[in-house]
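Heads up, the thing below is written out as structure tokens.
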Amino acid sequence: MAFLVVNPAPIKTISLLLLTFLIWHGGSGVSAVPEVTQLKATDVTSTSVLLTWTVPTDTNAPNYTYVIKVSTNTIFVENITTGANANNTSVISLKAGVIYDFNVYTNYSNTLSTAVSISATTIPSLVTNLNSGSITNTSVTLSWITPSDQNNATYKYVITISNHSPPNVTTGAGVNNYTITSLKPGVNYTFAVITETINSVLSDTPVLVVTATTLPSQISNLKTGTITTTNVTLSWDTPNDQNNATYTYEITVSNPSPGTYTTAPGAKSYTITGLKPGVIYTFTVRTKTSNSVLSAASATVTDTTLPSPVTNLKTETITTTNVTLSWDTPNDQNNATYTYEITVSNPSPGTYTTAPGAKSYTITGLKPGVIYTFIVRTKTSNSVLSAASATVTDTTLPSPVTNLKTGTITTTNVTLSWDTPNDQNNATYTYEITVSNPSPGTYTTAPGAKSYPITGLKPGVDYTFIVRTKTSNSVLSAASATVTDTTLPSPVTNLKTGTITTTNVTLSWDTPNDQNNATYTYEITVSNPSPATYTTAPGAKSYTITGLKPGVDYTFIVRTKTSNSVLSAASATVTETTLPSPVTNLKTGTITTTNVTLSWDTPNDQNNATYIYEITVSNPSPATYTTAPGAKSYTITGLKPGVIYTFTVRTKTSNSVLSAASATVTDTTLPSPVTNLKTGTITTTEVTLSWDTPNDQNNATYTYEITVSNPSPGTHTTAPGAKSYTVTGLKPGVIYTFIVRTKTSNSVLSAASATVTETTLPSRVTGLTIGTITTTNVTLSWNLPDDQNNATYRYVIIISNHSPENVTSGAGANSYTFTDLKPGENYTFAVQTQTINSVLSAASEPATATTKPSPVSGLAIASRTTNTVTLTWNTPTNDSNKATYTYVIIVLIHNPGTFTTAENANSYTIPGLNPGVNYSFTVYTQTINLVQSIANAFINGTTIPSRVPSIELVNRSNSSITFMWTTPSDVRVKEYKYNVFYTGIEILTINNNFSASDLQPGSQYTFNVTSEIDSLKSAISTFTVYTIPNQPGNLGGGSVSTSSINVSWQAPNDPNANSYEYNVTWIEGVSQNTTGNDNTYNTSMVIQGLQAGYQYGVIIHSMIGDVSSEPSTIYLLTDPNIIKSPEIGNITNSSVIFRWTWPESGVTGMEIKSTTANAATIEIITDRSITEYEMTNLTPGNFYEFTLRSYKNSDTDVLSSGRIHRREAAPTGRTTYSEPVTRTIQILPAHVTNIKCSKVGGGYAIIVHFDCPKGNFTELNVLVNGGTSDALTNCSDSGDVTVRSLQPANGYDVQVQTVAYPLKVLTIIHRCSTDNVGVIVGAIFGVLLFLLLVGLIAFFILRKRRSKKTEMEIPDVKKQRRFRTLSKEQFADYFQQQHANSDFGFAEEYQELGSVGTKQLKREAELPDNRSKNRFTNVLPYDHSRVKLDSTGGNEISDYINANYMPVSKNMVETPSFLPNTHLTTHDTYMKCTFHFFS
């Protein structure tokens, strides 16, 4: 805020003013001209204002014209005169954003009314080139080109922000960029900039808007989760942004080649699939808004996919301390670098690592007999382990036993003993004993055993024993040393005497059931009459000892003896007596139904006198009869009829030893005949007879003799006790007569029974055979019976599933054909022989036959693949069992095979065929019991050839692509051709590679490759690839700001250039380090985040798909930093002084440009030690626009010599400039020189002569005693001004004021005198004039301002009000007058003070530390009169404030320029200063 002090000044005397007024008015008495009313300013634009008013209503109104004085900031702009009676005018050609004062005067006959004033501000211009610059997640920096309006340095800018509270912000004055903060991340904002003048007038609605999205916030806590061989799951914490529900996340995977994945909105995790096992991947996640704005990258996460596990893990060689493992290594990309970590789980976990690429490993240092579990994991070069392989468990061999030997041996047992091994697990060892003979056998001991009885052996056998240590899981050691031994042979059993004669005793025994008993001999010891030993032949089961005496007691013992003379235990002893001699010539005499008389010859033994004879009758129950000693006959009585009796006589010694039995005599009583004889079952060769048997005591022993009378007599005997009998051996179909007689066991016959007659069945046919079978016929044949009456036989044929159920052939027939059968039906046939008297044989063995099913029709190939062919056919239509039919397909050629369909199928896909092979097929109908129809004709078909398994790029350019493919491993692959199809072109080749030329650059081509054989094409293998795009051209660009450059280029003339992405890399020119990289689909880019005043090499590649072009390069400079703290001071009428501070770096020099309406001059300063520069030779009174800016030359164009030089253009080469600092300054006008005065006759005037001032001025005023005279507006070399209304013979102080609005300068006072002639005359006129004075006073008061010139120059109010003394009563009116029109009057007065005191010292205000405390750089306190505050903290410059003491009657402080936040340490209260006006 500026304060103006109005000082008293000399004034003219009232008489002099009145006199001048009257002279000027010519003494006329015109009444006052009325003012306009309701003056308004409307329709304000940037260059025009429409003024309207209400015209006066008096009678002269139609003749009134209106004069509008237009001024700004006390500077006169123009006068506008309207036509008569106008009530409006449009003021045009105004400057935008300027406060204009409009004074409207009513003009009548060159007399003006009092002015009616109004102020209006033209609308400021809009900003241009509105751009968004740096964008963060909470701020957006906007930049614009400010309007080139006159007052643009005072303009503020209102930035409207959509979707934000508050909806707008206002910048400081004069800025051309602004950073809007406190925005929300990831939100789309629309910005517009409105110009605002210093008095808050806004520009029109902007047409330029900028839409920008703040960067979304980064994710946090990025980490990997589940990792498999091909997948990695990432998770993260999403940002807490307003729009996070719409965010997707762009994941960049950097290896093996960069890939990008985008999640669904709001995702917090993502699983990346299709990775390669065992590969290190780096992941970065960027938040992505719905309009694809990306956040800064997250922290990277690096992880490795699991390598694939090994397969087919198995053990190979195993010893007591070693195990060799082998496996199949995975087929991973990096498998050559894989090692394998083997984990051994027992006895304690151990880990072994192989060399890279190993496929086997031998683990040593193990313990014998221990179970080990082995797991193998694939291990990458950075120690990432795969999933565990399948486990393999195996056991090292236990140590073998030592000192094996036999102990106790029996017939079936051998006890072995040994020393156990000293192994860790020997307490759990069992021992497996292998016995090698008679057949290998195995025995297992209890754990820890040191001996074992082997039981269950065979006696007398040589056994070889081997012992093996056996672990708890049955792993065997190496075999021990062998031990061989023999079991004792078994003793004989059941030793008894057999045949005993008078001189012999035959011993018999049961030989042991030993394995080698065929080689055994037997040692017999006889104890009486004297001991003797006898040895049998091998394998003997009895032995007859001869040379004994009849009737003597002997004791016998037998021992088994092996071939190697091993004896068994002794048998039980047997004692026996030799038989006495038997009787001889035993015979029967008289035999009746109840008596038999026996007789014999007695033996000639020495003791025969003591012998008696024991007669044994064996039936019906044994009975014994003893004779008297020496008897030779005996009659046995009381026998029963029909009983067979056997009689034996034995000699009996005195100790009851019986001799051998005599020859037996058998005889029988006659039996009773049978009764009730009849026939039962009859067959072809048998007749069963039955009867009632006699009620005899021995009827159970009776047989029955049957006599058959025809065809020839024959006899048959039954079994004992039979009550029926089947007579066999008869002839089929013959009549027989039967008689039965009872027959005792010794063939005594009874009387004959009554006779019975019957006929045998005829024989059944044999060899029933199915002959020819068709779909409706079956032919049967059979063998005729070989019966004697077969010529008379007929045959009854029985058929199932048919009507009638049987048919009868003619006599003697041996075949029959059924002709009315159904296809595919199962029939069962049987044949019965029928005799002439209709006796039927048993049915023949059945024969089953199925008629052939109908064949299929319409066999065709429906479809085919590489390894299948699908056949279709029409099934039989008339077969009743077709629903159960299956179909047999025969495949011939290459790999023949047979396939059977499901029931009722009409198609079948034959699997397992080879690709590209021509096969032959036929189909048989097959019934449920596998009867097949006749064959169909063969049909041929080729399987589809295999597709090419892989295609790989060989080479490419911007017009060609060469690729090759792997041929299929098919049987006929050497016959294959290959079709390559692309862009409507189809090429057939026998090669496995192809080159396509004449292609378009940067275009995606899809090549379809098929194998072909027998006109059949395989499935398509697709290969999609881009040609290399052309590089961008016509690179251009320049700086945008201190931290950004703009680069542009022309897209290549490629067909897909609209789809190209461009990779832009920038390299700092000095260090040659890559400082940034980005991609864009535009053909321009603003590169931000750079250093001010640096040269950057920008490299651009065209990109499409995965292909980049050759690079294009351009070098660009950023703008240098702005000059710091620029000041303009020490303004004279020909020079100004500039002061500044250089930026830290990135500046080649500084440019100071002075611009006037006619010319521009540029000063260049390159010496950084210079911080002050005086610009001289300026034109006095001119307005100069001074522009200061730093510049930076490219590294090769730096100006290297001269401290300061002048030039008419910017530095050559690549040059960038900082934002300019512009100030408009008016140079002080020059003084007139060589002032002289000359007298004018009469003494009432003088002529003031002077030389015109240099430079520009608007007028020259001659001041006499401080008052003004007429203004001189034109002055070429010299000027003469006549000053009138002076007093004769008086001296006057004359000064000439040069005015260059709004600045004025005065010369020093020059004393001039008027002529003294006419003083007397003047006195006389003074008296007369005094009389007029009273009348004119009133008129003078009414006419405050009068025109001085007839050419209608508007009175200059300021000339009438300078240096006036005001009373207190006048002050209120004065204040309102000066305050009107936006303080226009005060502004005029203030402007006049602009040059006052500029030469006084103000060093303290210009100190660098104090500059920030000044609001304006040109309103500073003087050192001698500044207000000093109390210093703080010992800081001598802390006493500064922009405030001045003023020399008035009471102390008053002028504080126009300290900033609102200046900290006052002297006073607790901020004291505002008040004007004091004194009368």
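By order of appearance in the structure tokens: chains A, B, ..., then residues from 1 within every chain, and ligands from 1 in the order shown.
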Open item on the list: Applying 9 Å and only C-alpha atoms, which residues near Thr42 (chain A) remain after dropping the ones on its own chain fewer than 2 positions away? List them as a ChimeraX atom specification.
Closed with: /A:40,44,49-52,120
TODO: Excluding region 1035-1045 of chain A and any residue of its chain fewer than 4 positions from it, enumerate the residues within 9 Å of it, using only C-alpha atoms, and give them as a VMD selection string.
DONE: chain A and resid 133 to 134 1049 to 1050 1084 to 1094 1112 to 1122 1214 1216 to 1219
TODO: For region 567-582 of chain A, please output as a PyMOL selection string all residues within 7 Å (counting only C-alpha atoms; exclusion window: fewer than 3 positions along the same chain).
DONE: chain A and resi 488-493+495-496+500-505+549-562+603+605+650-651+653+657-662
Open item on the list: Using only C-alpha atoms, which protein or nucleic acid residues come within 12 Å of region 900-908 of chain A? Drop anything in the same chain fewer than 6 positions from it, and give the result as a ChimeraX atom specification.
Closed with: /A:856-864,868-877,879-891,921-928,930,932
Task: For Ser46 (chain A): contacts at 9 Å, only C-alpha atoms, fewer than 2 positions along chain excluded, given as an MDAnalysis selection string - done: chainID A and resid 44 48:49 94:98 121:125 203:204
Open item on the list: Rounded to one decimal, what separation in Å do you get between CA of Val1136 (chain A) and CA of Ile1225 (chain A)?
Closed with: 9.3 Å
Enumerate, in order of chain and increasing residue number, the residues of region 878-997 of chain A with an atom no farther than 6 Å from region 1008-1032 of chain A, each with its shortest atom pair and distance in Å to one decimal, counting only C-alpha atoms, as JSON lines.
{"residue": "A:Ile944", "atom": "CA", "partner": "A:Ser1018", "partner_atom": "CA", "distance": 5.6}
{"residue": "A:Pro945", "atom": "CA", "partner": "A:Ser1018", "partner_atom": "CA", "distance": 5.0}
{"residue": "A:Ser946", "atom": "CA", "partner": "A:Ser1018", "partner_atom": "CA", "distance": 5.6}
{"residue": "A:Arg947", "atom": "CA", "partner": "A:Ser1018", "partner_atom": "CA", "distance": 5.1}
{"residue": "A:Ser957", "atom": "CA", "partner": "A:Ile1028", "partner_atom": "CA", "distance": 5.4}
{"residue": "A:Asn958", "atom": "CA", "partner": "A:Ile1028", "partner_atom": "CA", "distance": 4.4}
{"residue": "A:Tyr976", "atom": "CA", "partner": "A:Ile1013", "partner_atom": "CA", "distance": 5.4}
{"residue": "A:Lys977", "atom": "CA", "partner": "A:Glu1012", "partner_atom": "CA", "distance": 5.1}
{"residue": "A:Tyr978", "atom": "CA", "partner": "A:Ser1011", "partner_atom": "CA", "distance": 4.7}
{"residue": "A:Asn979", "atom": "CA", "partner": "A:Thr1010", "partner_atom": "CA", "distance": 5.2}
{"residue": "A:Val980", "atom": "CA", "partner": "A:Val1009", "partner_atom": "CA", "distance": 4.7}
{"residue": "A:Phe981", "atom": "CA", "partner": "A:Asn1008", "partner_atom": "CA", "distance": 5.1}
Export C-alpha atoms of the chosen residues as a PDB file, in the first residue's frame?
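selection19.pdb, written as the output of this step:
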ATOM      1  CA  ILE A 944      -4.651 -87.656 -41.773  1.00  0.00           C
ATOM      2  CA  PRO A 945      -0.912 -86.901 -41.738  1.00  0.00           C
ATOM      3  CA  SER A 946       0.528 -85.405 -38.562  1.00  0.00           C
ATOM      4  CA  ARG A 947       0.811 -81.661 -38.351  1.00  0.00           C
ATOM      5  CA  SER A 957      13.755 -58.172 -42.394  1.00  0.00           C
ATOM      6  CA  ASN A 958      11.336 -55.368 -43.172  1.00  0.00           C
ATOM      7  CA  TYR A 976       4.924 -85.815 -47.586  1.00  0.00           C
ATOM      8  CA  LYS A 977       4.476 -82.458 -49.204  1.00  0.00           C
ATOM      9  CA  TYR A 978       3.839 -79.266 -47.268  1.00  0.00           C
ATOM     10  CA  ASN A 979       1.339 -76.501 -47.969  1.00  0.00           C
ATOM     11  CA  VAL A 980       2.271 -72.988 -46.866  1.00  0.00           C
ATOM     12  CA  PHE A 981      -0.637 -70.535 -46.968  1.00  0.00           C
TER      13      PHE A 981
END
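Distance check against Leu670 (chain A) using only C-alpha atoms: of A:Ser217, A:Thr106, A:Asn243, A:Ser745, the minimum falls on A:Ser745.
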Quick one: residues within 9 Å of Leu306 (chain A), only C-alpha atoms counted, chain neighbours fewer than 4 positions away excluded, as an mmCIF file with C-alpha atoms, in the first residue's frame?
data_model
loop_
_atom_site.group_PDB
_atom_site.id
_atom_site.type_symbol
_atom_site.label_atom_id
_atom_site.label_comp_id
_atom_site.auth_asym_id
_atom_site.auth_seq_id
_atom_site.Cartn_x
_atom_site.Cartn_y
_atom_site.Cartn_z
ATOM 1 C CA ILE A 227 5.119 -71.139 -7.059
ATOM 2 C CA THR A 228 5.024 -74.157 -9.343
ATOM 3 C CA THR A 229 7.091 -75.140 -12.316
ATOM 4 C CA THR A 230 5.042 -72.967 -14.670
ATOM 5 C CA ASN A 231 3.060 -70.656 -12.426
ATOM 6 C CA LYS A 276 9.201 -72.065 -17.877
ATOM 7 C CA PRO A 277 10.454 -74.283 -15.065
ATOM 8 C CA GLY A 278 13.596 -73.275 -13.233
ATOM 9 C CA VAL A 279 13.814 -69.764 -14.679
ATOM 10 C CA THR A 378 16.189 -80.639 -8.910
ATOM 11 C CA LYS A 379 18.218 -77.610 -7.823
ATOM 12 C CA THR A 380 18.662 -74.501 -9.950
ATOM 13 C CA VAL A 384 15.661 -73.187 -5.880
ATOM 14 C CA LEU A 385 14.493 -76.718 -5.286
ATOM 15 C CA SER A 386 11.854 -78.573 -7.255
ATOM 16 C CA ALA A 387 9.119 -80.647 -5.724
#
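Here the question is which of A:Ser854, A:Thr525, A:Pro673, A:Thr626 gets nearest to Ser656 (chain A) using only C-alpha atoms, and that residue is A:Thr626.
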Close residues, Leu586 (chain A) itself excluded, 7 Å, only C-alpha atoms, min 6 positions apart in chain, as an mmCIF file with N, CA and C atoms, in the first residue's frame:
data_model
loop_
_atom_site.group_PDB
_atom_site.id
_atom_site.type_symbol
_atom_site.label_atom_id
_atom_site.label_comp_id
_atom_site.auth_asym_id
_atom_site.auth_seq_id
_atom_site.Cartn_x
_atom_site.Cartn_y
_atom_site.Cartn_z
ATOM 1 N N LEU A 598 -13.562 -184.216 7.540
ATOM 2 C CA LEU A 598 -12.235 -183.913 7.030
ATOM 3 C C LEU A 598 -11.296 -185.061 7.399
ATOM 4 N N SER A 599 -10.204 -185.257 6.564
ATOM 5 C CA SER A 599 -9.139 -186.235 6.867
ATOM 6 C C SER A 599 -7.829 -185.658 6.371
ATOM 7 N N TRP A 600 -6.627 -186.091 7.029
ATOM 8 C CA TRP A 600 -5.300 -185.577 6.647
ATOM 9 C C TRP A 600 -4.202 -186.559 7.022
ATOM 10 N N SER A 662 -2.825 -175.905 6.560
ATOM 11 C CA SER A 662 -2.862 -176.942 5.534
ATOM 12 C C SER A 662 -3.520 -176.360 4.310
ATOM 13 N N ALA A 663 -3.509 -177.074 3.270
ATOM 14 C CA ALA A 663 -4.299 -176.649 2.130
ATOM 15 C C ALA A 663 -5.742 -176.576 2.600
#
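Of note, CA of Tyr247 (chain A) and CA of Lys184 (chain A) are spaced 13.9 Å apart.
What separates CA of Pro823 (chain A) from CA of Thr779 (chain A) is a distance of 14.5 Å.
The smallest atom-to-atom distance between Gln832 (chain A) and any of A:Ala791, A:Leu215, A:Val765, A:Val344, using only C-alpha atoms, is found for A:Val765.
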- [ ] For each of A:Ile1123, A:Leu1407, A:Val467, A:Ala245, take the minimum atom-to-atom distance to Gly186 (chain A), counting only C-alpha atoms, then give the residue where this is smallest.
- [x] A:Ala245
- [ ] Run DSSP on the backbone and grab whatever in region 362-524 of chain A lands in strand (DSSP E or B); send it over as an NGL selection string.
- [x] :A and (362-363 or 371-379 or 385 or 392-395 or 402-409 or 414-419 or 430-435 or 441-444 or 451-454 or 462-470 or 476 or 483-486 or 493-500 or 505-510 or 521-524)
For the residues selected in the previous step, produce a file with C-alpha atoms as a PDB file, in the first residue's frame.
ATOM      1  CA  THR A 362      26.652 -93.089  -5.689  1.00  0.00           C
ATOM      2  CA  ILE A 363      26.075 -92.421  -2.000  1.00  0.00           C
ATOM      3  CA  ILE A 371      16.892 -98.850   5.511  1.00  0.00           C
ATOM      4  CA  TYR A 372      17.479 -95.594   3.693  1.00  0.00           C
ATOM      5  CA  THR A 373      14.875 -93.400   1.995  1.00  0.00           C
ATOM      6  CA  PHE A 374      16.123 -91.324  -0.902  1.00  0.00           C
ATOM      7  CA  ILE A 375      14.503 -88.234  -2.391  1.00  0.00           C
ATOM      8  CA  VAL A 376      15.976 -86.260  -5.263  1.00  0.00           C
ATOM      9  CA  ARG A 377      15.141 -82.626  -5.886  1.00  0.00           C
ATOM     10  CA  THR A 378      16.189 -80.639  -8.910  1.00  0.00           C
ATOM     11  CA  LYS A 379      18.218 -77.610  -7.823  1.00  0.00           C
ATOM     12  CA  LEU A 385      14.493 -76.718  -5.286  1.00  0.00           C
ATOM     13  CA  VAL A 392      12.881 -94.634  -3.242  1.00  0.00           C
ATOM     14  CA  THR A 393      13.500 -96.765  -0.201  1.00  0.00           C
ATOM     15  CA  ASP A 394      16.223 -99.364  -0.178  1.00  0.00           C
ATOM     16  CA  THR A 395      18.424-101.119   2.299  1.00  0.00           C
ATOM     17  CA  THR A 402      30.744-116.231  10.086  1.00  0.00           C
ATOM     18  CA  ASN A 403      31.776-119.587  11.640  1.00  0.00           C
ATOM     19  CA  LEU A 404      28.770-121.549  10.407  1.00  0.00           C
ATOM     20  CA  LYS A 405      28.677-125.187  11.768  1.00  0.00           C
ATOM     21  CA  THR A 406      26.264-128.067  12.532  1.00  0.00           C
ATOM     22  CA  GLY A 407      25.335-129.346  15.985  1.00  0.00           C
ATOM     23  CA  THR A 408      22.750-132.022  16.963  1.00  0.00           C
ATOM     24  CA  ILE A 409      21.474-134.131  14.037  1.00  0.00           C
ATOM     25  CA  VAL A 414      19.885-130.375  12.003  1.00  0.00           C
ATOM     26  CA  THR A 415      20.906-127.633  14.405  1.00  0.00           C
ATOM     27  CA  LEU A 416      23.140-124.895  12.902  1.00  0.00           C
ATOM     28  CA  SER A 417      25.070-122.211  14.796  1.00  0.00           C
ATOM     29  CA  TRP A 418      27.080-119.114  13.681  1.00  0.00           C
ATOM     30  CA  ASP A 419      28.627-115.837  14.727  1.00  0.00           C
ATOM     31  CA  THR A 430      16.923-112.538  11.125  1.00  0.00           C
ATOM     32  CA  TYR A 431      18.894-115.169   9.280  1.00  0.00           C
ATOM     33  CA  GLU A 432      17.739-116.922   6.199  1.00  0.00           C
ATOM     34  CA  ILE A 433      19.003-120.502   5.990  1.00  0.00           C
ATOM     35  CA  THR A 434      18.969-122.109   2.619  1.00  0.00           C
ATOM     36  CA  VAL A 435      18.910-125.919   2.527  1.00  0.00           C
ATOM     37  CA  GLY A 441      14.204-124.728   1.096  1.00  0.00           C
ATOM     38  CA  THR A 442      14.444-121.567   3.132  1.00  0.00           C
ATOM     39  CA  TYR A 443      14.121-120.989   6.888  1.00  0.00           C
ATOM     40  CA  THR A 444      14.126-117.695   8.724  1.00  0.00           C
ATOM     41  CA  SER A 451      21.577-120.840  16.029  1.00  0.00           C
ATOM     42  CA  TYR A 452      18.629-122.559  14.490  1.00  0.00           C
ATOM     43  CA  PRO A 453      17.266-126.171  14.491  1.00  0.00           C
ATOM     44  CA  ILE A 454      16.140-127.005  11.007  1.00  0.00           C
ATOM     45  CA  ASP A 462      22.880-135.073   2.491  1.00  0.00           C
ATOM     46  CA  TYR A 463      22.049-131.389   3.081  1.00  0.00           C
ATOM     47  CA  THR A 464      24.118-128.298   2.229  1.00  0.00           C
ATOM     48  CA  PHE A 465      23.379-125.285   4.415  1.00  0.00           C
ATOM     49  CA  ILE A 466      23.984-121.594   3.647  1.00  0.00           C
ATOM     50  CA  VAL A 467      23.073-118.754   5.998  1.00  0.00           C
ATOM     51  CA  ARG A 468      22.366-115.186   4.875  1.00  0.00           C
ATOM     52  CA  THR A 469      21.830-112.214   7.155  1.00  0.00           C
ATOM     53  CA  LYS A 470      18.348-110.757   6.581  1.00  0.00           C
ATOM     54  CA  LEU A 476      19.773-110.417   2.288  1.00  0.00           C
ATOM     55  CA  VAL A 483      28.134-126.606   5.596  1.00  0.00           C
ATOM     56  CA  THR A 484      27.142-130.148   4.435  1.00  0.00           C
ATOM     57  CA  ASP A 485      25.816-132.977   6.705  1.00  0.00           C
ATOM     58  CA  THR A 486      23.490-136.020   6.566  1.00  0.00           C
ATOM     59  CA  THR A 493       8.630-149.767  11.406  1.00  0.00           C
ATOM     60  CA  ASN A 494       6.107-152.477  11.751  1.00  0.00           C
ATOM     61  CA  LEU A 495       8.749-155.157  12.008  1.00  0.00           C
ATOM     62  CA  LYS A 496       6.976-158.463  11.962  1.00  0.00           C
ATOM     63  CA  THR A 497       7.390-161.997  10.966  1.00  0.00           C
ATOM     64  CA  GLY A 498       5.822-163.040   7.837  1.00  0.00           C
ATOM     65  CA  THR A 499       6.033-166.427   6.403  1.00  0.00           C
ATOM     66  CA  ILE A 500       7.270-168.830   8.996  1.00  0.00           C
ATOM     67  CA  VAL A 505      11.346-167.000   9.236  1.00  0.00           C
ATOM     68  CA  THR A 506      10.529-164.214   6.871  1.00  0.00           C
ATOM     69  CA  LEU A 507      10.776-160.801   8.470  1.00  0.00           C
ATOM     70  CA  SER A 508       9.017-157.847   6.910  1.00  0.00           C
ATOM     71  CA  TRP A 509       8.968-154.231   7.831  1.00  0.00           C
ATOM     72  CA  ASP A 510       7.855-150.913   6.552  1.00  0.00           C
ATOM     73  CA  THR A 521      20.210-151.593   3.134  1.00  0.00           C
ATOM     74  CA  TYR A 522      18.970-153.149   6.408  1.00  0.00           C
ATOM     75  CA  GLU A 523      21.091-154.820   9.033  1.00  0.00           C
ATOM     76  CA  ILE A 524      19.219-157.767  10.787  1.00  0.00           C
TER      77      ILE A 524
END
